[in-house]
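Quick look at query-v7.cif (mmCIF, C-alpha atoms):
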data_protein
loop_
_atom_site.group_PDB
_atom_site.id
_atom_site.type_symbol
_atom_site.label_atom_id
_atom_site.label_comp_id
_atom_site.auth_asym_id
_atom_site.auth_seq_id
_atom_site.Cartn_x
_atom_site.Cartn_y
_atom_site.Cartn_z
ATOM 1 C CA MET A 1 10.331 27.374 11.619
ATOM 2 C CA LEU A 2 9.383 24.331 9.545
ATOM 3 C CA GLU A 3 10.978 21.090 10.731
ATOM 4 C CA MET A 4 12.746 19.423 7.810
ATOM 5 C CA LYS A 5 12.365 15.745 8.689
ATOM 6 C CA GLY A 6 14.905 13.426 7.118
ATOM 7 C CA HIS A 7 12.758 10.319 6.525
ATOM 8 C CA CYS A 8 9.387 9.428 5.070
ATOM 9 C CA GLU A 9 7.030 8.632 7.943
ATOM 10 C CA HIS A 10 5.603 5.642 6.070
ATOM 11 C CA CYS A 11 8.430 3.831 4.261
ATOM 12 C CA GLN A 12 11.441 5.420 6.041
ATOM 13 C CA GLN A 13 13.042 6.479 2.736
ATOM 14 C CA THR A 14 15.593 9.259 3.229
ATOM 15 C CA LEU A 15 14.270 12.716 2.322
ATOM 16 C CA ALA A 16 16.996 15.071 1.110
ATOM 17 C CA GLU A 17 16.574 18.650 2.353
ATOM 18 C CA ASP A 18 16.831 19.900 -1.229
ATOM 19 C CA GLY A 19 14.778 17.034 -2.693
ATOM 20 C CA GLU A 20 11.080 16.604 -3.344
ATOM 21 C CA ALA A 21 8.987 15.683 -0.294
ATOM 22 C CA TYR A 22 5.419 16.297 0.852
ATOM 23 C CA ILE A 23 4.043 17.556 4.180
ATOM 24 C CA CYS A 24 0.705 18.241 5.858
ATOM 25 C CA SER A 25 -0.083 21.191 8.139
ATOM 26 C CA TYR A 26 1.227 19.181 11.119
ATOM 27 C CA GLU A 27 4.564 18.663 9.314
ATOM 28 C CA CYS A 28 4.085 14.918 8.767
ATOM 29 C CA SER A 29 6.565 14.180 5.970
ATOM 30 C CA PHE A 30 6.315 11.709 3.088
ATOM 31 C CA CYS A 31 8.239 10.759 -0.045
ATOM 32 C CA VAL A 32 6.760 11.210 -3.517
ATOM 33 C CA ASP A 33 5.770 7.537 -3.839
ATOM 34 C CA CYS A 34 3.913 7.451 -0.513
ATOM 35 C CA CYS A 35 2.221 10.790 -1.212
ATOM 36 C CA THR A 36 0.987 9.370 -4.512
ATOM 37 C CA ALA A 37 -0.158 6.127 -2.862
ATOM 38 C CA PHE A 38 -2.110 8.149 -0.266
ATOM 39 C CA SER A 39 -3.692 10.338 -2.988
ATOM 40 C CA ALA A 40 -2.046 13.418 -1.404
ATOM 41 C CA THR A 41 -3.941 12.886 1.877
ATOM 42 C CA CYS A 42 -2.030 12.496 5.143
ATOM 43 C CA PRO A 43 -2.746 9.068 6.660
ATOM 44 C CA ASN A 44 -2.177 10.511 10.153
ATOM 45 C CA CYS A 45 -4.557 13.495 10.168
ATOM 46 C CA ALA A 46 -6.410 13.289 6.815
ATOM 47 C CA GLY A 47 -4.987 16.697 5.876
ATOM 48 C CA GLU A 48 -3.767 17.694 2.435
ATOM 49 C CA LEU A 49 -0.192 16.766 1.527
ATOM 50 C CA VAL A 50 1.600 19.563 -0.322
ATOM 51 C CA ARG A 51 5.111 19.889 -1.696
ATOM 52 C CA ARG A 52 7.581 20.802 1.032
ATOM 53 C CA PRO A 53 9.437 24.063 0.364
ATOM 54 C CA ARG A 54 13.195 23.989 -0.038
ATOM 55 C CA ARG A 55 15.643 26.054 1.956
ATOM 56 C CA ALA A 56 18.557 27.945 0.504
ATOM 57 C CA THR A 57 21.922 26.497 1.497
ATOM 58 C CA ASP A 58 22.935 29.862 2.889
ATOM 59 C CA PRO A 59 20.198 31.388 5.096
ATOM 60 C CA ALA A 60 21.222 34.852 3.834
ATOM 61 C CA GLU A 61 20.178 33.937 0.266
#
As structure tokens, the full file:
Amino acid sequence: MLEMKGHCEHCQQTLAEDGEAYICSYECSFCVDCCTAFSATCPNCAGELVRRPRRATDPAE
């Protein structure tokens, strides 16, 4: 299961579970501003940063 990290790994901004955030294939997590600053490339692994999926509030949904 995808780990939904609560903070941007660069600037430490809080990432809401239902808000917009970006991740790489290693689940490094970044806010929109940092993703833009890094040109959608993870500074840790050089992988592509893509929009993190959102989870339903009720897992049955």
Neighbours of Leu15 of chain A within 10 Å (all atoms listed in the file; same-chain residues fewer than 3 positions away dropped), as a PyMOL selection string?
chain A and resi 4-8+12+18-22+29-32
Please give the centre and size of the box around segment 8-18 of chain A (axis-aligned, containing every atom listed in the file, 3 Å added per side), with values in Å to one decimal and written as lines of an AutoDock Vina configuration file.
center_x = 11.3
center_y = 11.9
center_z = 3.4
size_x = 17.4
size_y = 22.1
size_z = 15.2
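Closest approach to Ala46 of chain A from the set A:Asp33, A:Glu9, A:Cys28, A:Glu3 is made by A:Cys28, with distances taken over all atoms listed in the file.
In this structure, atom CA of Glu17 of chain A sits 21.9 Å away from atom CA of Gly47 of chain A.
Nearest-residue note for Cys24 of chain A: choosing from A:Ala56, A:Leu2, A:Cys42, A:Ala37, the minimum distance belongs to A:Cys42, counting all atoms listed in the file.
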Point out the residue among A:Cys45, A:Met1, A:Ser39, A:Arg55 with the least atom-to-atom distance to Ser25 of chain A, counting all atoms listed in the file.
A:Cys45
Atom CA of Glu27 of chain A and atom CA of Glu48 of chain A are how many Å apart?
10.8 Å
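For the atom pair formed by atom CA of Pro43 of chain A and atom CA of Gln13 of chain A, the distance is 16.5 Å, given to one decimal.
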From the block you just saw, export segment 12-33 of chain A: N, CA and C atoms, as a PDB file, in the first residue's frame.
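Done, and the output landed in out-v6.pdb:
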ATOM      1  N   GLN A  12       9.210  20.787   4.067  1.00  0.00           N
ATOM      2  CA  GLN A  12       8.478  20.364   5.270  1.00  0.00           C
ATOM      3  C   GLN A  12       7.052  20.891   5.354  1.00  0.00           C
ATOM      4  N   GLN A  13       6.521  21.431   4.253  1.00  0.00           N
ATOM      5  CA  GLN A  13       5.127  21.879   4.228  1.00  0.00           C
ATOM      6  C   GLN A  13       4.224  20.670   4.477  1.00  0.00           C
ATOM      7  N   THR A  14       3.143  20.867   5.200  1.00  0.00           N
ATOM      8  CA  THR A  14       2.190  19.792   5.452  1.00  0.00           C
ATOM      9  C   THR A  14       1.479  19.403   4.167  1.00  0.00           C
ATOM     10  N   LEU A  15       1.378  18.101   3.920  1.00  0.00           N
ATOM     11  CA  LEU A  15       0.671  17.573   2.752  1.00  0.00           C
ATOM     12  C   LEU A  15      -0.616  16.908   3.233  1.00  0.00           C
ATOM     13  N   ALA A  16      -1.746  17.494   2.900  1.00  0.00           N
ATOM     14  CA  ALA A  16      -3.034  16.919   3.288  1.00  0.00           C
ATOM     15  C   ALA A  16      -3.269  15.634   2.492  1.00  0.00           C
ATOM     16  N   GLU A  17      -3.825  14.621   3.128  1.00  0.00           N
ATOM     17  CA  GLU A  17      -4.085  13.354   2.438  1.00  0.00           C
ATOM     18  C   GLU A  17      -4.981  13.538   1.227  1.00  0.00           C
ATOM     19  N   ASP A  18      -5.898  14.504   1.289  1.00  0.00           N
ATOM     20  CA  ASP A  18      -6.811  14.723   0.166  1.00  0.00           C
ATOM     21  C   ASP A  18      -6.370  15.903  -0.701  1.00  0.00           C
ATOM     22  N   GLY A  19      -5.163  16.432  -0.442  1.00  0.00           N
ATOM     23  CA  GLY A  19      -4.657  17.562  -1.205  1.00  0.00           C
ATOM     24  C   GLY A  19      -3.701  17.128  -2.303  1.00  0.00           C
ATOM     25  N   GLU A  20      -3.259  18.094  -3.085  1.00  0.00           N
ATOM     26  CA  GLU A  20      -2.353  17.815  -4.190  1.00  0.00           C
ATOM     27  C   GLU A  20      -0.920  17.660  -3.678  1.00  0.00           C
ATOM     28  N   ALA A  21      -0.287  16.566  -4.049  1.00  0.00           N
ATOM     29  CA  ALA A  21       1.108  16.292  -3.707  1.00  0.00           C
ATOM     30  C   ALA A  21       1.691  15.441  -4.824  1.00  0.00           C
ATOM     31  N   TYR A  22       3.009  15.364  -4.874  1.00  0.00           N
ATOM     32  CA  TYR A  22       3.690  14.625  -5.938  1.00  0.00           C
ATOM     33  C   TYR A  22       4.655  13.611  -5.342  1.00  0.00           C
ATOM     34  N   ILE A  23       4.763  12.438  -5.997  1.00  0.00           N
ATOM     35  CA  ILE A  23       5.627  11.365  -5.517  1.00  0.00           C
ATOM     36  C   ILE A  23       6.426  10.767  -6.671  1.00  0.00           C
ATOM     37  N   CYS A  24       7.538  10.109  -6.315  1.00  0.00           N
ATOM     38  CA  CYS A  24       8.298   9.334  -7.299  1.00  0.00           C
ATOM     39  C   CYS A  24       8.014   7.857  -7.043  1.00  0.00           C
ATOM     40  N   SER A  25       8.641   6.975  -7.777  1.00  0.00           N
ATOM     41  CA  SER A  25       8.373   5.538  -7.617  1.00  0.00           C
ATOM     42  C   SER A  25       8.868   4.994  -6.274  1.00  0.00           C
ATOM     43  N   TYR A  26       9.724   5.741  -5.583  1.00  0.00           N
ATOM     44  CA  TYR A  26      10.183   5.335  -4.254  1.00  0.00           C
ATOM     45  C   TYR A  26       9.366   5.975  -3.139  1.00  0.00           C
ATOM     46  N   GLU A  27       8.292   6.668  -3.515  1.00  0.00           N
ATOM     47  CA  GLU A  27       7.355   7.320  -2.602  1.00  0.00           C
ATOM     48  C   GLU A  27       7.941   8.538  -1.894  1.00  0.00           C
ATOM     49  N   CYS A  28       8.991   9.145  -2.472  1.00  0.00           N
ATOM     50  CA  CYS A  28       9.447  10.447  -1.974  1.00  0.00           C
ATOM     51  C   CYS A  28       8.295  11.410  -2.262  1.00  0.00           C
ATOM     52  N   SER A  29       7.966  12.266  -1.320  1.00  0.00           N
ATOM     53  CA  SER A  29       6.782  13.118  -1.449  1.00  0.00           C
ATOM     54  C   SER A  29       7.138  14.593  -1.404  1.00  0.00           C
ATOM     55  N   PHE A  30       6.507  15.377  -2.296  1.00  0.00           N
ATOM     56  CA  PHE A  30       6.804  16.798  -2.413  1.00  0.00           C
ATOM     57  C   PHE A  30       5.534  17.601  -2.638  1.00  0.00           C
ATOM     58  N   CYS A  31       5.560  18.852  -2.182  1.00  0.00           N
ATOM     59  CA  CYS A  31       4.442  19.771  -2.421  1.00  0.00           C
ATOM     60  C   CYS A  31       4.490  20.258  -3.869  1.00  0.00           C
ATOM     61  N   VAL A  32       3.449  20.933  -4.287  1.00  0.00           N
ATOM     62  CA  VAL A  32       3.344  21.448  -5.651  1.00  0.00           C
ATOM     63  C   VAL A  32       4.496  22.403  -5.967  1.00  0.00           C
ATOM     64  N   ASP A  33       4.799  23.324  -5.050  1.00  0.00           N
ATOM     65  CA  ASP A  33       5.847  24.310  -5.301  1.00  0.00           C
ATOM     66  C   ASP A  33       7.213  23.652  -5.485  1.00  0.00           C
TER      67      ASP A  33
END
